[in-house]
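Next comes final-v4.cif, a file with mmCIF, C-alpha atoms and all ligand atoms; chains and numbers go by the auth columns.
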data_start
loop_
_atom_site.group_PDB
_atom_site.id
_atom_site.type_symbol
_atom_site.label_atom_id
_atom_site.label_comp_id
_atom_site.label_asym_id
_atom_site.label_seq_id
_atom_site.Cartn_x
_atom_site.Cartn_y
_atom_site.Cartn_z
_atom_site.B_iso_or_equiv
_atom_site.auth_seq_id
_atom_site.auth_asym_id
ATOM 1 C CA MET A 1 133.488 68.570 79.430 0.00 543 A
ATOM 2 C CA ILE A 2 133.665 72.337 78.901 0.00 544 A
ATOM 3 C CA LYS A 3 137.220 73.429 78.221 0.00 545 A
ATOM 4 C CA LYS A 4 138.244 76.216 80.593 0.00 546 A
ATOM 5 C CA LYS A 5 139.296 79.332 78.667 0.00 547 A
ATOM 6 C CA LYS A 6 142.996 80.048 78.840 0.00 548 A
ATOM 7 C CA LEU A 7 144.067 83.461 80.065 0.00 549 A
ATOM 8 C CA LYS A 8 146.258 85.576 77.785 0.00 550 A
ATOM 9 C CA ILE A 9 148.320 88.521 79.004 0.00 551 A
ATOM 10 C CA ALA A 10 150.213 90.733 76.553 0.00 552 A
ATOM 11 C CA ILE A 11 152.876 93.220 77.609 0.00 553 A
ATOM 12 C CA ASP A 12 154.856 95.718 75.547 0.00 554 A
ATOM 13 C CA SER A 13 157.628 97.888 76.912 0.00 555 A
ATOM 14 C CA PRO A 14 160.854 99.691 76.033 0.00 556 A
ATOM 15 C CA ALA A 15 164.156 98.125 77.131 0.00 557 A
ATOM 16 C CA ALA A 16 164.827 97.683 80.855 0.00 558 A
ATOM 17 C CA ALA A 17 161.471 99.034 82.035 0.00 559 A
ATOM 18 C CA GLY A 18 161.004 96.114 84.428 0.00 560 A
ATOM 19 C CA ALA A 19 158.507 94.271 82.227 0.00 561 A
ATOM 20 C CA GLY A 20 160.364 90.954 82.390 0.00 562 A
ATOM 21 C CA THR A 21 160.514 90.875 86.193 0.00 563 A
ATOM 22 C CA LEU A 22 156.852 91.792 86.403 0.00 564 A
ATOM 23 C CA ALA A 23 155.748 89.338 83.746 0.00 565 A
ATOM 24 C CA LYS A 24 157.597 86.548 85.553 0.00 566 A
ATOM 25 C CA ALA A 25 155.936 87.381 88.886 0.00 567 A
ATOM 26 C CA ILE A 26 152.486 87.610 87.283 0.00 568 A
ATOM 27 C CA SER A 27 153.025 84.340 85.404 0.00 569 A
ATOM 28 C CA LYS A 28 154.067 82.556 88.579 0.00 570 A
ATOM 29 C CA HIS A 29 151.095 83.897 90.515 0.00 571 A
ATOM 30 C CA TYR A 30 148.466 82.890 87.928 0.00 572 A
ATOM 31 C CA ASN A 31 150.355 79.800 86.714 0.00 573 A
ATOM 32 C CA LEU A 32 150.841 81.160 83.188 0.00 574 A
ATOM 33 C CA PHE A 33 153.434 80.108 80.636 0.00 575 A
ATOM 34 C CA TYR A 34 155.878 83.017 80.344 0.00 576 A
ATOM 35 C CA LEU A 35 157.689 83.924 77.128 0.00 577 A
ATOM 36 C CA ASP A 36 160.208 86.733 76.949 0.00 578 A
ATOM 37 C CA THR A 37 160.018 87.368 73.187 0.00 579 A
ATOM 38 C CA GLY A 38 163.070 89.639 73.255 0.00 580 A
ATOM 39 C CA LYS A 39 165.095 86.526 73.980 0.00 581 A
ATOM 40 C CA ILE A 40 164.142 85.091 70.584 0.00 582 A
ATOM 41 C CA TYR A 41 165.520 88.152 68.798 0.00 583 A
ATOM 42 C CA ARG A 42 168.562 87.976 71.072 0.00 584 A
ATOM 43 C CA PHE A 43 169.009 84.314 70.154 0.00 585 A
ATOM 44 C CA ILE A 44 168.979 85.180 66.428 0.00 586 A
ATOM 45 C CA ALA A 45 171.349 88.119 67.015 0.00 587 A
ATOM 46 C CA TYR A 46 173.672 85.772 68.890 0.00 588 A
ATOM 47 C CA LEU A 47 173.608 83.318 65.969 0.00 589 A
ATOM 48 C CA LYS A 48 174.530 86.152 63.611 0.00 590 A
ATOM 49 C CA LEU A 49 177.463 87.234 65.784 0.00 591 A
ATOM 50 C CA LYS A 50 178.668 83.674 66.319 0.00 592 A
ATOM 51 C CA HIS A 51 178.137 82.280 62.805 0.00 593 A
ATOM 52 C CA PRO A 52 178.277 85.289 60.460 0.00 594 A
ATOM 53 C CA LYS A 53 179.086 83.109 57.434 0.00 595 A
ATOM 54 C CA LYS A 54 176.259 80.616 57.948 0.00 596 A
ATOM 55 C CA PHE A 55 173.680 83.289 58.797 0.00 597 A
ATOM 56 C CA ASN A 56 170.876 82.943 56.221 0.00 598 A
ATOM 57 C CA LYS A 57 167.141 82.158 56.110 0.00 599 A
ATOM 58 C CA ASN A 58 167.562 78.356 56.162 0.00 600 A
ATOM 59 C CA PHE A 59 170.041 78.453 59.013 0.00 601 A
ATOM 60 C CA ILE A 60 167.770 80.655 61.154 0.00 602 A
ATOM 61 C CA GLU A 61 164.691 78.600 60.283 0.00 603 A
ATOM 62 C CA THR A 62 166.357 75.330 61.298 0.00 604 A
ATOM 63 C CA LYS A 63 167.578 76.833 64.570 0.00 605 A
ATOM 64 C CA ILE A 64 164.134 78.230 65.393 0.00 606 A
ATOM 65 C CA LYS A 65 162.438 74.914 64.605 0.00 607 A
ATOM 66 C CA SER A 66 164.617 73.135 67.138 0.00 608 A
ATOM 67 C CA LEU A 67 164.556 75.999 69.631 0.00 609 A
ATOM 68 C CA LYS A 68 163.727 74.992 73.218 0.00 610 A
ATOM 69 C CA VAL A 69 162.668 77.489 75.882 0.00 611 A
ATOM 70 C CA LYS A 70 165.761 76.514 77.886 0.00 612 A
ATOM 71 C CA ASP A 71 167.999 77.725 74.999 0.00 613 A
ATOM 72 C CA LEU A 72 166.703 81.200 75.747 0.00 614 A
ATOM 73 C CA GLN A 73 167.994 81.194 79.306 0.00 615 A
ATOM 74 C CA LYS A 74 171.699 81.474 78.501 0.00 616 A
ATOM 75 C CA ASN A 75 173.683 84.406 79.929 0.00 617 A
ATOM 76 C CA ASP A 76 175.351 84.866 76.508 0.00 618 A
ATOM 77 C CA LEU A 77 172.122 86.431 75.310 0.00 619 A
ATOM 78 C CA LEU A 78 172.252 89.246 77.850 0.00 620 A
ATOM 79 C CA THR A 79 175.321 91.196 76.673 0.00 621 A
ATOM 80 C CA GLU A 80 175.072 94.742 75.271 0.00 622 A
ATOM 81 C CA GLU A 81 176.551 93.502 71.987 0.00 623 A
ATOM 82 C CA VAL A 82 173.689 91.046 71.598 0.00 624 A
ATOM 83 C CA SER A 83 171.121 93.684 72.714 0.00 625 A
ATOM 84 C CA THR A 84 172.281 96.077 70.008 0.00 626 A
ATOM 85 C CA GLU A 85 172.392 93.405 67.307 0.00 627 A
ATOM 86 C CA ALA A 86 168.906 92.198 68.359 0.00 628 A
ATOM 87 C CA SER A 87 167.459 95.652 67.778 0.00 629 A
ATOM 88 C CA ILE A 88 169.112 95.731 64.329 0.00 630 A
ATOM 89 C CA ILE A 89 167.982 92.311 63.076 0.00 631 A
ATOM 90 C CA SER A 90 164.469 92.754 64.518 0.00 632 A
ATOM 91 C CA LYS A 91 163.826 95.587 62.028 0.00 633 A
ATOM 92 C CA LYS A 92 163.817 93.037 59.218 0.00 634 A
ATOM 93 C CA LYS A 93 160.496 91.780 57.913 0.00 635 A
ATOM 94 C CA LYS A 94 161.905 88.331 57.047 0.00 636 A
ATOM 95 C CA ILE A 95 163.220 87.795 60.582 0.00 637 A
ATOM 96 C CA ARG A 96 159.934 88.872 62.175 0.00 638 A
ATOM 97 C CA LYS A 97 158.044 86.527 59.867 0.00 639 A
ATOM 98 C CA LEU A 98 160.261 83.628 60.934 0.00 640 A
ATOM 99 C CA VAL A 99 159.591 84.106 64.635 0.00 641 A
ATOM 100 C CA PHE A 100 155.890 84.976 64.405 0.00 642 A
ATOM 101 C CA SER A 101 154.504 81.427 64.501 0.00 643 A
ATOM 102 C CA PHE A 102 156.854 80.352 67.308 0.00 644 A
ATOM 103 C CA GLN A 103 155.543 83.151 69.526 0.00 645 A
ATOM 104 C CA HIS A 104 151.928 82.981 68.358 0.00 646 A
ATOM 105 C CA ASN A 105 151.761 79.240 68.892 0.00 647 A
ATOM 106 C CA LEU A 106 153.083 79.413 72.462 0.00 648 A
ATOM 107 C CA ALA A 107 150.727 82.279 73.305 0.00 649 A
ATOM 108 C CA TYR A 108 147.632 80.443 72.063 0.00 650 A
ATOM 109 C CA ASN A 109 148.688 76.869 72.888 0.00 651 A
ATOM 110 C CA PRO A 110 150.793 76.995 76.036 0.00 652 A
ATOM 111 C CA PRO A 111 151.788 73.640 77.591 0.00 653 A
ATOM 112 C CA LYS A 112 148.732 71.973 79.191 0.00 654 A
ATOM 113 C CA LYS A 113 149.818 72.403 82.812 0.00 655 A
ATOM 114 C CA TYR A 114 149.436 76.200 82.554 0.00 656 A
ATOM 115 C CA ASN A 115 146.287 78.311 82.925 0.00 657 A
ATOM 116 C CA GLY A 116 147.327 80.473 80.002 0.00 658 A
ATOM 117 C CA SER A 117 150.209 82.566 78.721 0.00 659 A
ATOM 118 C CA CYS A 118 151.983 85.833 79.364 0.00 660 A
ATOM 119 C CA LEU A 119 154.249 87.293 76.673 0.00 661 A
ATOM 120 C CA ASP A 120 156.315 90.444 76.760 0.00 662 A
ATOM 121 C CA GLY A 121 158.062 92.299 73.940 0.00 663 A
ATOM 122 C CA ARG A 122 157.479 95.204 71.555 0.00 664 A
ATOM 123 C CA ASP A 123 154.594 94.091 69.325 0.00 665 A
ATOM 124 C CA ILE A 124 152.745 91.661 71.565 0.00 666 A
ATOM 125 C CA THR A 125 149.615 93.736 72.303 0.00 667 A
ATOM 126 C CA TYR A 126 148.773 94.440 68.663 0.00 668 A
ATOM 127 C CA ASN A 127 150.546 91.807 66.569 0.00 669 A
ATOM 128 C CA ILE A 128 151.227 88.553 68.412 0.00 670 A
ATOM 129 C CA VAL A 129 148.278 88.446 70.870 0.00 671 A
ATOM 130 C CA PRO A 130 145.844 91.137 69.648 0.00 672 A
ATOM 131 C CA ASP A 131 142.908 89.550 71.525 0.00 673 A
ATOM 132 C CA ALA A 132 144.713 89.230 74.878 0.00 674 A
ATOM 133 C CA ASP A 133 142.505 89.385 78.000 0.00 675 A
ATOM 134 C CA PHE A 134 144.861 91.949 79.531 0.00 676 A
ATOM 135 C CA LYS A 135 147.222 94.353 77.791 0.00 677 A
ATOM 136 C CA PHE A 136 149.841 96.436 79.551 0.00 678 A
ATOM 137 C CA TYR A 137 152.354 98.997 78.378 0.00 679 A
ATOM 138 C CA ILE A 138 155.099 99.101 80.988 0.00 680 A
ATOM 139 C CA THR A 139 157.573 101.952 81.011 0.00 681 A
ATOM 140 C CA ALA A 140 159.889 104.038 83.205 0.00 682 A
ATOM 141 C CA ASN A 141 161.988 107.120 82.560 0.00 683 A
ATOM 142 C CA ILE A 142 165.154 106.539 80.577 0.00 684 A
ATOM 143 C CA LYS A 143 167.630 107.264 83.399 0.00 685 A
ATOM 144 C CA THR A 144 165.906 104.801 85.686 0.00 686 A
ATOM 145 C CA ARG A 145 165.898 102.173 82.963 0.00 687 A
ATOM 146 C CA ALA A 146 169.583 102.715 82.207 0.00 688 A
ATOM 147 C CA LEU A 147 170.470 102.483 85.900 0.00 689 A
ATOM 148 C CA ARG A 148 168.543 99.224 86.298 0.00 690 A
ATOM 149 C CA ARG A 149 170.211 97.733 83.235 0.00 691 A
ATOM 150 C CA PHE A 150 173.640 98.987 84.380 0.00 692 A
ATOM 151 C CA LYS A 151 173.234 97.262 87.772 0.00 693 A
ATOM 152 C CA GLU A 152 172.156 94.051 86.047 0.00 694 A
ATOM 153 C CA LEU A 153 175.122 94.057 83.645 0.00 695 A
ATOM 154 C CA LYS A 154 177.610 94.991 86.358 0.00 696 A
ATOM 155 C CA LYS A 155 176.981 91.593 87.955 0.00 697 A
ATOM 156 C CA PHE A 156 178.794 89.765 85.168 0.00 698 A
ATOM 157 C CA LYS A 157 180.768 92.468 83.361 0.00 699 A
ATOM 158 C CA LYS A 158 182.929 94.715 85.475 0.00 700 A
ATOM 159 C CA ASN A 159 184.227 97.256 82.949 0.00 701 A
ATOM 160 C CA ILE A 160 180.957 98.840 81.914 0.00 702 A
ATOM 161 C CA SER A 161 179.854 102.416 82.564 0.00 703 A
ATOM 162 C CA TYR A 162 176.423 103.851 83.266 0.00 704 A
ATOM 163 C CA GLU A 163 176.938 106.393 80.440 0.00 705 A
ATOM 164 C CA ASP A 164 177.558 103.637 77.892 0.00 706 A
ATOM 165 C CA VAL A 165 174.450 101.771 78.977 0.00 707 A
ATOM 166 C CA LEU A 166 172.379 104.975 78.776 0.00 708 A
ATOM 167 C CA LYS A 167 173.668 105.649 75.261 0.00 709 A
ATOM 168 C CA SER A 168 172.965 102.108 74.137 0.00 710 A
ATOM 169 C CA ILE A 169 169.396 102.159 75.518 0.00 711 A
ATOM 170 C CA LYS A 170 168.710 105.503 73.807 0.00 712 A
ATOM 171 C CA LYS A 171 169.826 104.061 70.480 0.00 713 A
ATOM 172 C CA ARG A 172 167.747 100.940 70.992 0.00 714 A
ATOM 173 C CA ASP A 173 164.644 102.998 71.898 0.00 715 A
ATOM 174 C CA LYS A 174 165.102 105.027 68.741 0.00 716 A
ATOM 175 C CA ARG A 175 165.315 101.909 66.563 0.00 717 A
ATOM 176 C CA ASP A 176 162.431 100.101 68.293 0.00 718 A
ATOM 177 C CA LEU A 177 160.113 103.121 68.213 0.00 719 A
ATOM 178 C CA ASN A 178 160.864 104.337 64.696 0.00 720 A
ATOM 179 C CA ARG A 179 161.132 101.176 62.627 0.00 721 A
ATOM 180 C CA LYS A 180 158.533 100.609 59.910 0.00 722 A
ATOM 181 C CA ILE A 181 157.627 97.038 60.855 0.00 723 A
ATOM 182 C CA SER A 182 156.128 96.246 64.248 0.00 724 A
ATOM 183 C CA PRO A 183 157.447 99.287 66.103 0.00 725 A
ATOM 184 C CA LEU A 184 157.086 99.627 69.862 0.00 726 A
ATOM 185 C CA LYS A 185 153.886 101.539 70.623 0.00 727 A
ATOM 186 C CA LYS A 186 151.238 101.810 73.286 0.00 728 A
ATOM 187 C CA THR A 187 147.900 100.663 71.902 0.00 729 A
ATOM 188 C CA LYS A 188 144.714 102.422 73.011 0.00 730 A
ATOM 189 C CA ASP A 189 143.503 99.313 74.790 0.00 731 A
ATOM 190 C CA SER A 190 146.726 98.820 76.825 0.00 732 A
ATOM 191 C CA LEU A 191 146.955 100.007 80.407 0.00 733 A
ATOM 192 C CA LEU A 192 149.940 102.217 81.086 0.00 734 A
ATOM 193 C CA ILE A 193 152.098 101.253 84.074 0.00 735 A
ATOM 194 C CA ASN A 194 154.966 103.609 84.873 0.00 736 A
ATOM 195 C CA THR A 195 157.450 101.813 87.114 0.00 737 A
ATOM 196 C CA THR A 196 159.829 104.777 87.679 0.00 738 A
ATOM 197 C CA ASN A 197 158.841 105.272 91.295 0.00 739 A
ATOM 198 C CA LEU A 198 157.526 101.828 92.094 0.00 740 A
ATOM 199 C CA ASN A 199 159.446 98.889 93.494 0.00 741 A
ATOM 200 C CA LYS A 200 158.943 95.359 92.146 0.00 742 A
ATOM 201 C CA ARG A 201 156.368 94.406 94.780 0.00 743 A
ATOM 202 C CA ALA A 202 154.323 97.586 94.268 0.00 744 A
ATOM 203 C CA CYS A 203 154.266 97.031 90.475 0.00 745 A
ATOM 204 C CA PHE A 204 153.177 93.444 90.924 0.00 746 A
ATOM 205 C CA LEU A 205 150.374 94.399 93.320 0.00 747 A
ATOM 206 C CA LYS A 206 149.152 97.130 90.981 0.00 748 A
ATOM 207 C CA ILE A 207 148.816 94.695 88.090 0.00 749 A
ATOM 208 C CA LYS A 208 147.402 91.931 90.283 0.00 750 A
ATOM 209 C CA LYS A 209 144.645 94.287 91.474 0.00 751 A
ATOM 210 C CA ILE A 210 143.683 95.090 87.874 0.00 752 A
ATOM 211 C CA ILE A 211 143.591 91.416 86.886 0.00 753 A
ATOM 212 C CA ASP A 212 141.756 90.213 90.007 0.00 754 A
ATOM 213 C CA ARG A 213 139.091 92.893 89.619 0.00 755 A
ATOM 214 C CA LYS A 214 138.232 91.655 86.130 0.00 756 A
ATOM 215 C CA LEU A 215 138.499 87.981 87.005 0.00 757 A
ATOM 216 C CA ASN A 216 136.331 88.539 90.117 0.00 758 A
ATOM 217 C CA TYR A 217 138.742 86.846 92.470 0.00 759 A
HETATM 218 O O1 LIG B . 163.275 92.836 75.411 0.00 801 B
HETATM 219 P P1 LIG B . 164.719 92.823 75.015 0.00 801 B
HETATM 220 O O2 LIG B . 165.459 94.041 75.445 0.00 801 B
HETATM 221 O O3 LIG B . 165.419 91.582 75.414 0.00 801 B
HETATM 222 O O4 LIG B . 164.698 92.809 73.403 0.00 801 B
HETATM 223 C C1 LIG B . 165.858 92.911 72.618 0.00 801 B
HETATM 224 C C2 LIG B . 165.493 93.567 71.296 0.00 801 B
HETATM 225 O O5 LIG B . 164.664 92.674 70.539 0.00 801 B
HETATM 226 C C3 LIG B . 164.692 94.860 71.407 0.00 801 B
HETATM 227 O O6 LIG B . 165.494 96.014 71.524 0.00 801 B
HETATM 228 C C4 LIG B . 163.873 94.861 70.124 0.00 801 B
HETATM 229 O O7 LIG B . 164.587 95.472 69.067 0.00 801 B
HETATM 230 C C5 LIG B . 163.701 93.404 69.788 0.00 801 B
HETATM 231 N N1 LIG B . 162.351 92.919 70.080 0.00 801 B
HETATM 232 C C6 LIG B . 161.378 93.111 69.115 0.00 801 B
HETATM 233 N N2 LIG B . 160.124 92.612 69.308 0.00 801 B
HETATM 234 C C7 LIG B . 159.806 91.943 70.423 0.00 801 B
HETATM 235 C C8 LIG B . 160.775 91.759 71.432 0.00 801 B
HETATM 236 C C9 LIG B . 162.050 92.277 71.235 0.00 801 B
HETATM 237 O O8 LIG B . 161.631 93.732 68.101 0.00 801 B
HETATM 238 N N3 LIG B . 158.579 91.431 70.544 0.00 801 B
#
When written as C-alpha cells, how does the structure in this file appear?
Amino acid sequence: MIKKKKLKIAIDSPAAAGAGTLAKAISKHYNLFYLDTGKIYRFIAYLKLKHPKKFNKNFIETKIKSLKVKDLQKNDLLTEEVSTEASIISKKKKIRKLVFSFQHNLAYNPPKKYNGSCLDGRDITYNIVPDADFKFYITANIKTRALRRFKELKKFKKNISYEDVLKSIKKRDKRDLNRKISPLKKTKDSLLINTTNLNKRACFLKIKKIIDRKLNY
C-alpha cells in the first residue's frame, strides 16, 4: 500500500497577529494536528515562575518528556507575566534545544488520525519544519495586535490597560526579532498575510484558496 504523504503547514508570526486562530481553523478544515509552539515556551516560563528553585535542565527535561498536549491548554499560560517570561527564556540556546525534538517530532509524525500537521510560532518556517508544503508569515500592525490581545486578556483579567498591553507587545517584538538564536523573520519562501483589515473568516478563506489551488481541490 502506498502511504499517503502527510501535509505540513508552517506559520510564523509576531505576537497577537491572529496566527493561532487561523492555524486552528485551517487545521480543523484539513484535519491537521495543530501545535501552538508558543505554548511550549509559555509552559517552561510558567515552570520557572512557579518553581524558581527547581528550575534547571533536568527539571525542564523531565517536564517536557511527560508533557501532554492537554497541559498546554491551561489558562495559566495566557497571562502577560508568562508571555514576558516566555520571550526571555526562549532566547536561550539550551531551552530551544530542549524543545526542538518535541516540536519536530509532532510536525513530522502527527497522530495517525490526522492528514498532517500545522505548527505556528517564530522559527517554524526555517527551523522546525523547513520543508513544509505551505509556509505563511502572518502579521498585522502593532496597534491592531495590541487591541486584539487586550480584548482577549480583558475576559479574565479586569484591571489591565490597552497601553500596558501595547508596551508589553512592543518589548516582546523587540526580543523576538533581535535575538541571536532563532529570531522571528519572514523567509523568502513564506507567503505574507497581513490580517490588519481582515476578519477571521476572510483570513481563513484567503489561506484556504492558496492551499486548495496547490492541492488541486
Ligand atoms: O506565540 P506566543 O505569543 O504564545 O509565544 C510566546 C513567546 O514564546 C514568544 O514571544 C516567543 O518569545 C516565544 N516563542 C519562540 N519560538 C516559537 C514560539 C514562541 O521563541 N516557535
Test item: residues lying within 8 Å of ligand LIG 801 (chain B) with only C-alpha atoms and all ligand atoms, as a PyMOL selection string = chain A and resi 554-558+562+578-584+620+625-633+638+662-666+714-715+717-718+724-726
d(atom CA of Phe746 of chain A, atom CA of Ile568 of chain A) in Å = 6.9 Å
Answer key for the PyMOL selection byres (((chain A and resi 684-697) around 10) and not hetatm), residues as a short mmCIF file (atom, residue, chain, number, x, y, z; two decimals) with C-alpha atoms, keeping the file's coordinate frame:
data_model
loop_
_atom_site.label_atom_id
_atom_site.label_comp_id
_atom_site.auth_asym_id
_atom_site.auth_seq_id
_atom_site.Cartn_x
_atom_site.Cartn_y
_atom_site.Cartn_z
CA PRO A 556 160.85 99.69 76.03
CA ALA A 557 164.16 98.12 77.13
CA ALA A 558 164.83 97.68 80.86
CA ALA A 559 161.47 99.03 82.04
CA GLY A 560 161.00 96.11 84.43
CA LEU A 620 172.25 89.25 77.85
CA THR A 621 175.32 91.20 76.67
CA GLU A 622 175.07 94.74 75.27
CA THR A 681 157.57 101.95 81.01
CA ALA A 682 159.89 104.04 83.20
CA ASN A 683 161.99 107.12 82.56
CA PHE A 698 178.79 89.76 85.17
CA LYS A 699 180.77 92.47 83.36
CA LYS A 700 182.93 94.72 85.48
CA ASN A 701 184.23 97.26 82.95
CA ILE A 702 180.96 98.84 81.91
CA SER A 703 179.85 102.42 82.56
CA TYR A 704 176.42 103.85 83.27
CA GLU A 705 176.94 106.39 80.44
CA ASP A 706 177.56 103.64 77.89
CA VAL A 707 174.45 101.77 78.98
CA LEU A 708 172.38 104.98 78.78
CA LYS A 709 173.67 105.65 75.26
CA SER A 710 172.96 102.11 74.14
CA ILE A 711 169.40 102.16 75.52
CA LYS A 712 168.71 105.50 73.81
CA ASP A 715 164.64 103.00 71.90
CA THR A 737 157.45 101.81 87.11
CA THR A 738 159.83 104.78 87.68
CA ASN A 739 158.84 105.27 91.30
#
Which polymer residues, protein or nucleic acid, are no farther than 6 Å from (157.3, 93.8, 86.8), counting all atoms listed in the file, as a PyMOL selection string?
-> chain A and resi 560-561+563-565+742+745-746
Apply the PyMOL selection byres (((chain A and resi 729) around 9) and not hetatm) to the displayed file and report the matching residues as a ChimeraX atom specification.
-> /A:667-668,677-679,727-728,730-733
Would you put the residues from that selection into a file with C-alpha atoms, as a compact mmCIF listing (two decimals), in the frame of the given file?
# COMPACT_ATOMS: atom_id res chain seq x y z
CA THR A 667 149.62 93.74 72.30
CA TYR A 668 148.77 94.44 68.66
CA LYS A 677 147.22 94.35 77.79
CA PHE A 678 149.84 96.44 79.55
CA TYR A 679 152.35 99.00 78.38
CA LYS A 727 153.89 101.54 70.62
CA LYS A 728 151.24 101.81 73.29
CA LYS A 730 144.71 102.42 73.01
CA ASP A 731 143.50 99.31 74.79
CA SER A 732 146.73 98.82 76.82
CA LEU A 733 146.96 100.01 80.41
Excluding same-chain residues fewer than 4 positions from Lys655 of chain A, what lies within 9 Å of it counting all atoms listed in the file, as a VMD selection string?
-> chain A and resid 573 to 575
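Distance-wise, atom CA of Asn736 of chain A and atom CA of Lys713 of chain A end up 20.7 Å apart.
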Name every residue that the PyMOL selection byres (((chain A and resi 675) around 10) and not hetatm) selects in this structure, writing the answer as a list in words with chains first and numbers rising.
->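 That selection, the PyMOL selection byres (((chain A and resi 675) around 10) and not hetatm), comes back as Lys548, Leu549, Lys550, Ile551, Ala552, Val671, Pro672, Asp673, Ala674, Phe676, Lys677, Ile753, Lys756 and Leu757 of chain A.
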With all atoms listed in the file as the basis for distance, which of A:Lys635, A:Phe644, A:Leu747, A:Asn741 is at the shortest distance from Lys599 of chain A?
-> A:Lys635
So how many Å separate atom CA of Ser659 of chain A and atom CA of Tyr576 of chain A, to one decimal?
->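 Straight-line distance from atom CA of Ser659 of chain A to atom CA of Tyr576 of chain A works out to 5.9 Å.
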Got a sec: who's within 12 Å of Lys590 of chain A, counting all atoms listed in the file, leaving out chain neighbours fewer than 2 positions off, as a PyMOL selection string?
-> chain A and resi 583-588+592-599+601-602+605+619+623-624+627-628+630-631+637
Using all atoms of segment 569-588 of chain A that appear in the file, construct an axis-aligned enclosing box with 3 Å of padding on every side and provide its centre coordinates and edge lengths in Å, rounded to one decimal, as JSON.
{"center_x": 161.1, "center_y": 84.7, "center_z": 78.5, "size_x": 31.2, "size_y": 15.8, "size_z": 30.1}
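Nearest residue to Leu640 of chain A among A:Ala744, A:Ile723, A:Ile606, A:Ile735 is A:Ile606, counting only C-alpha atoms.
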Counting all atoms listed in the file, closest pick from A:Lys570, A:Lys750, A:Asn758, A:Asn720 relative to Cys660 of chain A is A:Lys570
Where atoms are lacking, segment 556-561 of chain A completed to all heavy atoms, as a CSV table (one decimal), in the frame of the given file:
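Below is the file that was written, part-v3.csv:
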chain,number,residue,atom,x,y,z
A,556,PRO,N,159.5,99.4,76.5
A,556,PRO,CA,160.9,99.7,76.0
A,556,PRO,C,161.9,98.9,76.9
A,556,PRO,O,161.5,98.3,77.9
A,556,PRO,CB,161.0,101.2,76.2
A,556,PRO,CG,160.1,101.5,77.4
A,556,PRO,CD,158.9,100.5,77.3
A,557,ALA,N,163.1,98.9,76.4
A,557,ALA,CA,164.2,98.1,77.1
A,557,ALA,C,164.3,98.5,78.6
A,557,ALA,O,164.2,99.7,78.9
A,557,ALA,CB,165.5,98.3,76.4
A,558,ALA,N,164.5,97.5,79.4
A,558,ALA,CA,164.8,97.7,80.9
A,558,ALA,C,163.8,98.5,81.7
A,558,ALA,O,164.1,99.2,82.6
A,558,ALA,CB,166.2,98.3,81.0
A,559,ALA,N,162.5,98.3,81.3
A,559,ALA,CA,161.5,99.0,82.0
A,559,ALA,C,161.0,98.2,83.2
A,559,ALA,O,160.1,98.6,84.0
A,559,ALA,CB,160.3,99.4,81.1
A,560,GLY,N,161.4,97.0,83.3
A,560,GLY,CA,161.0,96.1,84.4
A,560,GLY,C,159.9,95.2,84.0
A,560,GLY,O,159.4,94.4,84.8
A,561,ALA,N,159.6,95.1,82.7
A,561,ALA,CA,158.5,94.3,82.2
A,561,ALA,C,158.8,92.8,82.5
A,561,ALA,O,157.9,92.0,82.9
A,561,ALA,CB,158.3,94.5,80.7
